file query_22.pdb (PDB, C-alpha atoms, pLDDT in the B column)
MODEL        1
ATOM      1  CA  MET A  21       0.000   0.000   0.000  1.00 53.00           C
ATOM      2  CA  GLU A  22       1.335   3.421  -0.996  1.00 60.00           C
ATOM      3  CA  LYS A  23       2.074   5.841   1.832  1.00 75.00           C
ATOM      4  CA  GLN A  24      -0.142   8.927   1.771  1.00 86.00           C
ATOM      5  CA  GLU A  25       1.823  12.153   1.216  1.00 92.00           C
ATOM      6  CA  PHE A  26       0.867  15.337   3.070  1.00 96.00           C
ATOM      7  CA  TRP A  27       1.788  18.947   2.354  1.00 97.00           C
ATOM      8  CA  ASP A  28       1.894  21.883   4.770  1.00 97.00           C
ATOM      9  CA  ILE A  29      -0.466  24.782   4.117  1.00 97.00           C
ATOM     10  CA  TYR A  30       1.029  28.294   4.165  1.00 97.00           C
ATOM     11  CA  ASP A  31      -0.509  31.761   4.160  1.00 96.00           C
ATOM     12  CA  GLU A  32       0.213  34.408   1.493  1.00 94.00           C
ATOM     13  CA  ASN A  33       3.375  35.433   3.386  1.00 96.00           C
ATOM     14  CA  LYS A  34       4.784  31.879   3.331  1.00 96.00           C
ATOM     15  CA  VAL A  35       4.046  31.392   7.021  1.00 97.00           C
ATOM     16  CA  LEU A  36       2.901  27.948   8.148  1.00 97.00           C
ATOM     17  CA  THR A  37      -0.779  27.854   9.130  1.00 97.00           C
ATOM     18  CA  GLY A  38      -0.525  24.624  11.143  1.00 97.00           C
ATOM     19  CA  LYS A  39      -2.818  22.857   8.671  1.00 96.00           C
ATOM     20  CA  THR A  40      -1.921  20.168   6.138  1.00 96.00           C
ATOM     21  CA  MET A  41      -3.496  18.737   3.019  1.00 95.00           C
ATOM     22  CA  LYS A  42      -3.233  15.423   1.229  1.00 95.00           C
ATOM     23  CA  ARG A  43      -1.143  15.492  -1.952  1.00 91.00           C
ATOM     24  CA  ASN A  44      -3.237  16.654  -4.922  1.00 84.00           C
ATOM     25  CA  ASP A  45      -6.365  17.025  -2.745  1.00 89.00           C
ATOM     26  CA  TRP A  46      -7.066  20.554  -3.987  1.00 87.00           C
ATOM     27  CA  ILE A  47      -8.812  22.050  -0.945  1.00 89.00           C
ATOM     28  CA  LEU A  48      -6.946  25.325  -0.594  1.00 93.00           C
ATOM     29  CA  GLY A  49      -9.047  28.387   0.029  1.00 90.00           C
ATOM     30  CA  PRO A  50      -8.249  32.024  -0.711  1.00 90.00           C
ATOM     31  CA  GLY A  51      -4.928  33.021   0.856  1.00 93.00           C
ATOM     32  CA  GLU A  52      -3.826  29.391   1.358  1.00 95.00           C
ATOM     33  CA  TYR A  53      -0.898  27.862  -0.514  1.00 96.00           C
ATOM     34  CA  HIS A  54       1.238  24.760  -0.645  1.00 96.00           C
ATOM     35  CA  LEU A  55       4.992  25.039  -1.197  1.00 98.00           C
ATOM     36  CA  THR A  56       6.852  23.808  -4.266  1.00 97.00           C
ATOM     37  CA  VAL A  57      10.535  24.082  -5.093  1.00 98.00           C
ATOM     38  CA  LEU A  58      12.674  24.163  -8.225  1.00 98.00           C
ATOM     39  CA  GLY A  59      16.416  23.546  -8.501  1.00 98.00           C
ATOM     40  CA  VAL A  60      18.366  25.266 -11.279  1.00 98.00           C
ATOM     41  CA  ILE A  61      21.744  23.509 -11.462  1.00 98.00           C
ATOM     42  CA  LYS A  62      24.532  25.328 -13.310  1.00 98.00           C
ATOM     43  CA  ARG A  63      27.954  23.918 -14.094  1.00 97.00           C
ATOM     44  CA  SER A  64      31.106  26.046 -14.247  1.00 96.00           C
ATOM     45  CA  ASP A  65      30.949  25.870 -18.069  1.00 97.00           C
ATOM     46  CA  GLY A  66      27.666  27.821 -17.893  1.00 97.00           C
ATOM     47  CA  ARG A  67      25.424  24.900 -18.879  1.00 97.00           C
ATOM     48  CA  PHE A  68      22.340  23.754 -16.958  1.00 98.00           C
ATOM     49  CA  LEU A  69      20.785  20.394 -16.118  1.00 98.00           C
ATOM     50  CA  ILE A  70      17.241  20.145 -17.477  1.00 98.00           C
ATOM     51  CA  THR A  71      14.880  17.188 -17.681  1.00 97.00           C
ATOM     52  CA  LYS A  72      12.130  16.209 -20.085  1.00 97.00           C
ATOM     53  CA  ARG A  73       8.695  15.475 -18.620  1.00 94.00           C
ATOM     54  CA  LYS A  74       7.104  12.069 -19.194  1.00 92.00           C
ATOM     55  CA  MET A  75       4.498  11.939 -21.942  1.00 91.00           C
ATOM     56  CA  ASN A  76       1.884  10.675 -19.450  1.00 90.00           C
ATOM     57  CA  LYS A  77       1.959  13.924 -17.435  1.00 87.00           C
ATOM     58  CA  ALA A  78      -1.415  15.683 -17.185  1.00 84.00           C
ATOM     59  CA  PHE A  79       0.239  19.051 -17.845  1.00 85.00           C
ATOM     60  CA  GLY A  80       3.282  19.852 -19.957  1.00 90.00           C
ATOM     61  CA  ALA A  81       3.797  16.331 -21.269  1.00 92.00           C
ATOM     62  CA  GLY A  82       7.089  16.143 -23.173  1.00 94.00           C
ATOM     63  CA  TRP A  83       8.148  19.637 -22.121  1.00 96.00           C
ATOM     64  CA  TRP A  84      11.529  20.533 -20.660  1.00 98.00           C
ATOM     65  CA  GLU A  85      11.917  21.727 -17.057  1.00 97.00           C
ATOM     66  CA  VAL A  86      14.256  21.965 -14.093  1.00 98.00           C
ATOM     67  CA  PRO A  87      13.893  19.393 -11.314  1.00 96.00           C
ATOM     68  CA  GLY A  88      11.486  20.172  -8.522  1.00 96.00           C
ATOM     69  CA  GLY A  89       8.245  19.347  -6.791  1.00 94.00           C
ATOM     70  CA  ALA A  90       6.209  19.815  -3.654  1.00 96.00           C
ATOM     71  CA  ALA A  91       7.626  20.161  -0.166  1.00 97.00           C
ATOM     72  CA  MET A  92       6.293  17.478   2.154  1.00 97.00           C
ATOM     73  CA  ALA A  93       4.733  18.328   5.505  1.00 97.00           C
ATOM     74  CA  GLY A  94       7.452  19.160   8.028  1.00 97.00           C
ATOM     75  CA  GLU A  95      10.079  19.656   5.344  1.00 97.00           C
ATOM     76  CA  SER A  96      11.835  22.990   4.820  1.00 98.00           C
ATOM     77  CA  SER A  97      12.068  24.531   1.385  1.00 98.00           C
ATOM     78  CA  TYR A  98      15.803  23.764   1.204  1.00 98.00           C
ATOM     79  CA  GLN A  99      15.327  20.154   2.370  1.00 98.00           C
ATOM     80  CA  ALA A 100      12.631  19.723  -0.285  1.00 98.00           C
ATOM     81  CA  VAL A 101      14.777  21.017  -3.148  1.00 98.00           C
ATOM     82  CA  LEU A 102      17.702  18.781  -2.145  1.00 98.00           C
ATOM     83  CA  ARG A 103      15.359  15.760  -2.063  1.00 97.00           C
ATOM     84  CA  GLU A 104      13.568  16.594  -5.317  1.00 96.00           C
ATOM     85  CA  VAL A 105      16.798  17.196  -7.264  1.00 97.00           C
ATOM     86  CA  ARG A 106      18.296  13.943  -5.977  1.00 96.00           C
ATOM     87  CA  GLU A 107      15.108  11.920  -6.620  1.00 95.00           C
ATOM     88  CA  GLU A 108      14.603  13.234 -10.140  1.00 95.00           C
ATOM     89  CA  THR A 109      18.218  13.412 -11.357  1.00 96.00           C
ATOM     90  CA  GLY A 110      20.388  11.374  -8.987  1.00 96.00           C
ATOM     91  CA  VAL A 111      22.579  14.451  -8.492  1.00 96.00           C
ATOM     92  CA  ASP A 112      23.401  15.352  -4.874  1.00 97.00           C
ATOM     93  CA  VAL A 113      23.618  19.157  -4.699  1.00 97.00           C
ATOM     94  CA  SER A 114      23.921  19.352  -0.900  1.00 97.00           C
ATOM     95  CA  ALA A 115      27.624  20.338  -1.077  1.00 96.00           C
ATOM     96  CA  CYS A 116      27.132  22.860  -3.908  1.00 97.00           C
ATOM     97  CA  ASP A 117      27.105  26.631  -3.588  1.00 97.00           C
ATOM     98  CA  TYR A 118      23.466  27.716  -3.620  1.00 98.00           C
ATOM     99  CA  ARG A 119      21.079  30.577  -3.089  1.00 97.00           C
ATOM    100  CA  LEU A 120      17.359  31.100  -2.984  1.00 98.00           C
ATOM    101  CA  ALA A 121      17.134  32.992  -6.278  1.00 97.00           C
ATOM    102  CA  LEU A 122      13.459  33.944  -6.247  1.00 97.00           C
ATOM    103  CA  THR A 123      10.034  33.149  -4.876  1.00 97.00           C
ATOM    104  CA  TYR A 124       6.726  33.586  -6.664  1.00 96.00           C
ATOM    105  CA  LYS A 125       3.069  32.682  -6.087  1.00 95.00           C
ATOM    106  CA  ARG A 126       0.490  31.119  -8.366  1.00 91.00           C
ATOM    107  CA  GLU A 127      -3.216  30.909  -7.831  1.00 86.00           C
ATOM    108  CA  ALA A 128      -4.127  28.171 -10.254  1.00 76.00           C
ATOM    109  CA  GLY A 129      -7.733  28.005  -9.100  1.00 73.00           C
ATOM    110  CA  LYS A 130      -9.701  24.908  -8.116  1.00 81.00           C
ATOM    111  CA  GLY A 131      -7.979  24.888  -4.717  1.00 83.00           C
ATOM    112  CA  ASP A 132      -4.473  24.668  -6.191  1.00 88.00           C
ATOM    113  CA  ASN A 133      -2.562  27.716  -4.984  1.00 93.00           C
ATOM    114  CA  TYR A 134       1.164  27.399  -4.588  1.00 95.00           C
ATOM    115  CA  ILE A 135       4.301  29.283  -3.655  1.00 97.00           C
ATOM    116  CA  VAL A 136       7.454  28.406  -5.585  1.00 98.00           C
ATOM    117  CA  ASP A 137      10.968  28.766  -4.174  1.00 98.00           C
ATOM    118  CA  VAL A 138      13.561  28.672  -6.956  1.00 98.00           C
ATOM    119  CA  TYR A 139      17.094  27.742  -5.896  1.00 98.00           C
ATOM    120  CA  THR A 140      20.216  28.020  -7.999  1.00 98.00           C
ATOM    121  CA  PHE A 141      23.072  25.589  -7.417  1.00 98.00           C
ATOM    122  CA  SER A 142      26.608  25.980  -8.774  1.00 98.00           C
ATOM    123  CA  CYS A 143      28.463  22.702  -9.076  1.00 95.00           C
ATOM    124  CA  ASP A 144      30.158  20.502 -11.588  1.00 95.00           C
ATOM    125  CA  PHE A 145      28.824  17.120 -12.582  1.00 93.00           C
ATOM    126  CA  ASP A 146      29.201  14.851 -15.598  1.00 91.00           C
ATOM    127  CA  GLN A 147      26.533  13.168 -17.693  1.00 92.00           C
ATOM    128  CA  GLN A 148      27.307   9.839 -16.011  1.00 94.00           C
ATOM    129  CA  ASP A 149      26.404  11.439 -12.639  1.00 93.00           C
ATOM    130  CA  VAL A 150      22.806  11.941 -13.828  1.00 96.00           C
ATOM    131  CA  HIS A 151      20.377   9.095 -13.185  1.00 95.00           C
ATOM    132  CA  CYS A 152      16.876  10.289 -14.049  1.00 93.00           C
ATOM    133  CA  GLN A 153      13.833   9.009 -12.216  1.00 90.00           C
ATOM    134  CA  VAL A 154      12.061   6.996 -14.910  1.00 89.00           C
ATOM    135  CA  GLU A 155       8.628   7.598 -13.356  1.00 86.00           C
ATOM    136  CA  GLU A 156       9.053  11.364 -13.741  1.00 84.00           C
ATOM    137  CA  THR A 157      11.317  12.004 -16.733  1.00 91.00           C
ATOM    138  CA  ASP A 158      11.968  10.940 -20.316  1.00 92.00           C
ATOM    139  CA  GLY A 159      15.611  11.960 -20.165  1.00 94.00           C
ATOM    140  CA  PHE A 160      17.805  14.962 -19.584  1.00 96.00           C
ATOM    141  CA  MET A 161      20.010  17.487 -21.328  1.00 97.00           C
ATOM    142  CA  ILE A 162      22.919  19.637 -20.229  1.00 97.00           C
ATOM    143  CA  ALA A 163      21.815  22.784 -22.005  1.00 97.00           C
ATOM    144  CA  SER A 164      23.020  26.317 -22.559  1.00 97.00           C
ATOM    145  CA  ALA A 165      20.891  29.286 -21.508  1.00 97.00           C
ATOM    146  CA  GLU A 166      20.302  29.904 -25.239  1.00 97.00           C
ATOM    147  CA  GLU A 167      19.014  26.349 -25.790  1.00 98.00           C
ATOM    148  CA  ILE A 168      16.677  26.731 -22.811  1.00 98.00           C
ATOM    149  CA  ALA A 169      15.408  30.069 -24.156  1.00 97.00           C
ATOM    150  CA  ALA A 170      14.820  28.409 -27.542  1.00 98.00           C
ATOM    151  CA  PHE A 171      12.697  25.686 -25.895  1.00 98.00           C
ATOM    152  CA  ALA A 172      10.779  28.446 -24.125  1.00 97.00           C
ATOM    153  CA  GLY A 173      10.280  30.207 -27.463  1.00 97.00           C
ATOM    154  CA  GLU A 174       8.733  26.999 -28.791  1.00 97.00           C
ATOM    155  CA  GLY A 175       6.450  26.941 -25.746  1.00 96.00           C
ATOM    156  CA  ILE A 176       7.952  23.715 -24.384  1.00 97.00           C
ATOM    157  CA  PHE A 177       9.840  24.817 -21.246  1.00 98.00           C
ATOM    158  CA  LEU A 178       7.756  24.726 -18.069  1.00 95.00           C
ATOM    159  CA  HIS A 179       7.550  27.936 -15.994  1.00 93.00           C
ATOM    160  CA  TYR A 180      10.245  29.670 -18.082  1.00 97.00           C
ATOM    161  CA  ASP A 181       8.750  33.151 -17.869  1.00 95.00           C
ATOM    162  CA  SER A 182       8.600  32.884 -14.071  1.00 96.00           C
ATOM    163  CA  ILE A 183      12.149  31.549 -13.607  1.00 97.00           C
ATOM    164  CA  LYS A 184      14.174  32.867 -16.561  1.00 96.00           C
ATOM    165  CA  GLU A 185      16.238  35.185 -14.334  1.00 96.00           C
ATOM    166  CA  ALA A 186      17.660  32.050 -12.640  1.00 96.00           C
ATOM    167  CA  PHE A 187      19.422  31.210 -15.935  1.00 95.00           C
ATOM    168  CA  ALA A 188      21.258  34.558 -16.066  1.00 89.00           C
TER     169      ALA A 188
ENDMDL
END
call {"tool": "encode", "arguments": {"input": "query_22.pdb", "output": "structure tokens"}}
result
Amino acid sequence: MEKQEFWDIYDENKVLTGKTMKRNDWILGPGEYHLTVLGVIKRSDGRFLITKRKMNKAFGAGWWEVPGGAAMAGESSYQAVLREVREETGVDVSACDYRLALTYKREAGKGDNYIVDVYTFSCDFDQQDVHCQVEETDGFMIASAEEIAAFAGEGIFLHYDSIKEAFA
């Protein structure tokens, strides 16, 4: 039996409310949010690790993205991004230089409001260090900022307009 995943509920200022919700149980009211994280990983050669979404995804199937996902209940934003990057790519960024690059909010409607913390990590890794999670991704690419912008121009890079400054 699969373990049920819970997410903390935050207010509009990213303060914990003390309430939780079940994963994908879209019950959030006005001013309530769950927390998601994204990890932008840049090598010293200026290239970035991006992954391709599985074709069975309900949204953005086959699109490119950076690794990320929802923070679990009790997990900090930073803990969540370390876990998500490692789960989705096999790359351990815990020893890398990092910063919280930006935070933004989305009110997607239907009880799905979320806050996104976008982290940038600076570290070197090789292609053989990447082991994509087959349930989540259809592969990866070590791409230049220009290649990522080109995918965005084609409309196939998830959240690009919200996170493009993280590729600067």
call {"tool": "atom_distance", "arguments": {"input": "query_22.pdb", "atom1": "atom CA of Asp45 of chain A", "atom2": "atom CA of Gly82 of chain A"}}
result
24.5 Å
call {"tool": "residues_around", "arguments": {"input": "query_22.pdb", "residues": "segment 119-134 of chain A", "least_positions_apart": "3", "cutoff": "7 Å", "atoms": "all atoms listed in the file", "output": "compact mmCIF listing (two decimals) with C-alpha atoms, in the coordinates of the input"}}
result
# COMPACT_ATOMS: atom_id res chain seq x y z
CA TRP A 46 -7.07 20.55 -3.99
CA ILE A 47 -8.81 22.05 -0.94
CA LEU A 48 -6.95 25.32 -0.59
CA GLY A 49 -9.05 28.39 0.03
CA GLU A 52 -3.83 29.39 1.36
CA TYR A 53 -0.90 27.86 -0.51
CA HIS A 54 1.24 24.76 -0.64
CA LEU A 55 4.99 25.04 -1.20
CA THR A 56 6.85 23.81 -4.27
CA ASP A 137 10.97 28.77 -4.17
CA VAL A 138 13.56 28.67 -6.96
CA TYR A 139 17.09 27.74 -5.90
CA THR A 140 20.22 28.02 -8.00
CA PHE A 141 23.07 25.59 -7.42
CA ALA A 186 17.66 32.05 -12.64
call {"tool": "resolve_selection", "arguments": {"input": "query_22.pdb", "expression": "the PyMOL selection byres ((chain A and resi 171-178) around 8)", "output": "JSON, numbers by chain"}}
result
{"A": [80, 82, 83, 84, 85, 167, 168, 169, 170, 179, 180]}
call {"tool": "resolve_selection", "arguments": {"input": "query_22.pdb", "expression": "the PyMOL selection byres ((chain A and resi 87) around 6)", "output": "VMD selection string"}}
result
chain A and resid 58 to 59 86 88 105
call {"tool": "atom_distance", "arguments": {"input": "query_22.pdb", "atom1": "atom CA of Phe79 of chain A", "atom2": "atom CA of Lys42 of chain A"}}
result
19.7 Å
call {"tool": "atom_distance", "arguments": {"input": "query_22.pdb", "atom1": "atom CA of Lys34 of chain A", "atom2": "atom CA of Gly51 of chain A"}}
result
10.1 Å
call {"tool": "resolve_selection", "arguments": {"input": "query_22.pdb", "expression": "the PyMOL selection byres ((chain A and resi 114) around 10)", "output": "PyMOL selection string"}}
result
chain A and resi 98-99+101-103+105-106+111-113+115-118+141+143
call {"tool": "closest_residue", "arguments": {"input": "query_22.pdb", "among": "A:Ile135, A:Ala163, A:Met41, A:Val154", "to": "Val57 of chain A", "atoms": "only C-alpha atoms"}}
result
A:Ile135
call {"tool": "closest_residue", "arguments": {"input": "query_22.pdb", "among": "A:Ala78, A:Ala93, A:Cys152, A:Ile61", "to": "Lys39 of chain A", "atoms": "all atoms listed in the file"}}
result
A:Ala93
call {"tool": "axis_aligned_box", "arguments": {"input": "query_22.pdb", "around": "segment 122-129 of chain A", "padding_each_side": "4 Å", "output": "lines of an AutoDock Vina configuration file"}}
result
center_x = 2.9
center_y = 31.0
center_z = -7.6
size_x = 29.2
size_y = 13.9
size_z = 13.4
call {"tool": "closest_residue", "arguments": {"input": "query_22.pdb", "among": "A:Asp146, A:Asp65, A:Glu32, A:Glu25", "to": "Ala91 of chain A", "atoms": "all atoms listed in the file"}}
result
A:Glu25
call {"tool": "residues_around", "arguments": {"input": "query_22.pdb", "residues": "Asp144 of chain A", "least_positions_apart": "6", "cutoff": "8 Å", "atoms": "all atoms listed in the file", "output": "number ranges by chain"}}
result
A: 62-64
call {"tool": "residues_around", "arguments": {"input": "query_22.pdb", "residues": "Thr37 of chain A", "least_positions_apart": "5", "cutoff": "9 Å", "atoms": "all atoms listed in the file", "output": "tab-separated table (two decimals) with C-alpha atoms, in the frame of the given file"}}
result
chain	number	residue	atom	x	y	z
A	28	ASP	CA	1.89	21.88	4.77
A	29	ILE	CA	-0.47	24.78	4.12
A	30	TYR	CA	1.03	28.29	4.16
A	31	ASP	CA	-0.51	31.76	4.16
A	52	GLU	CA	-3.83	29.39	1.36
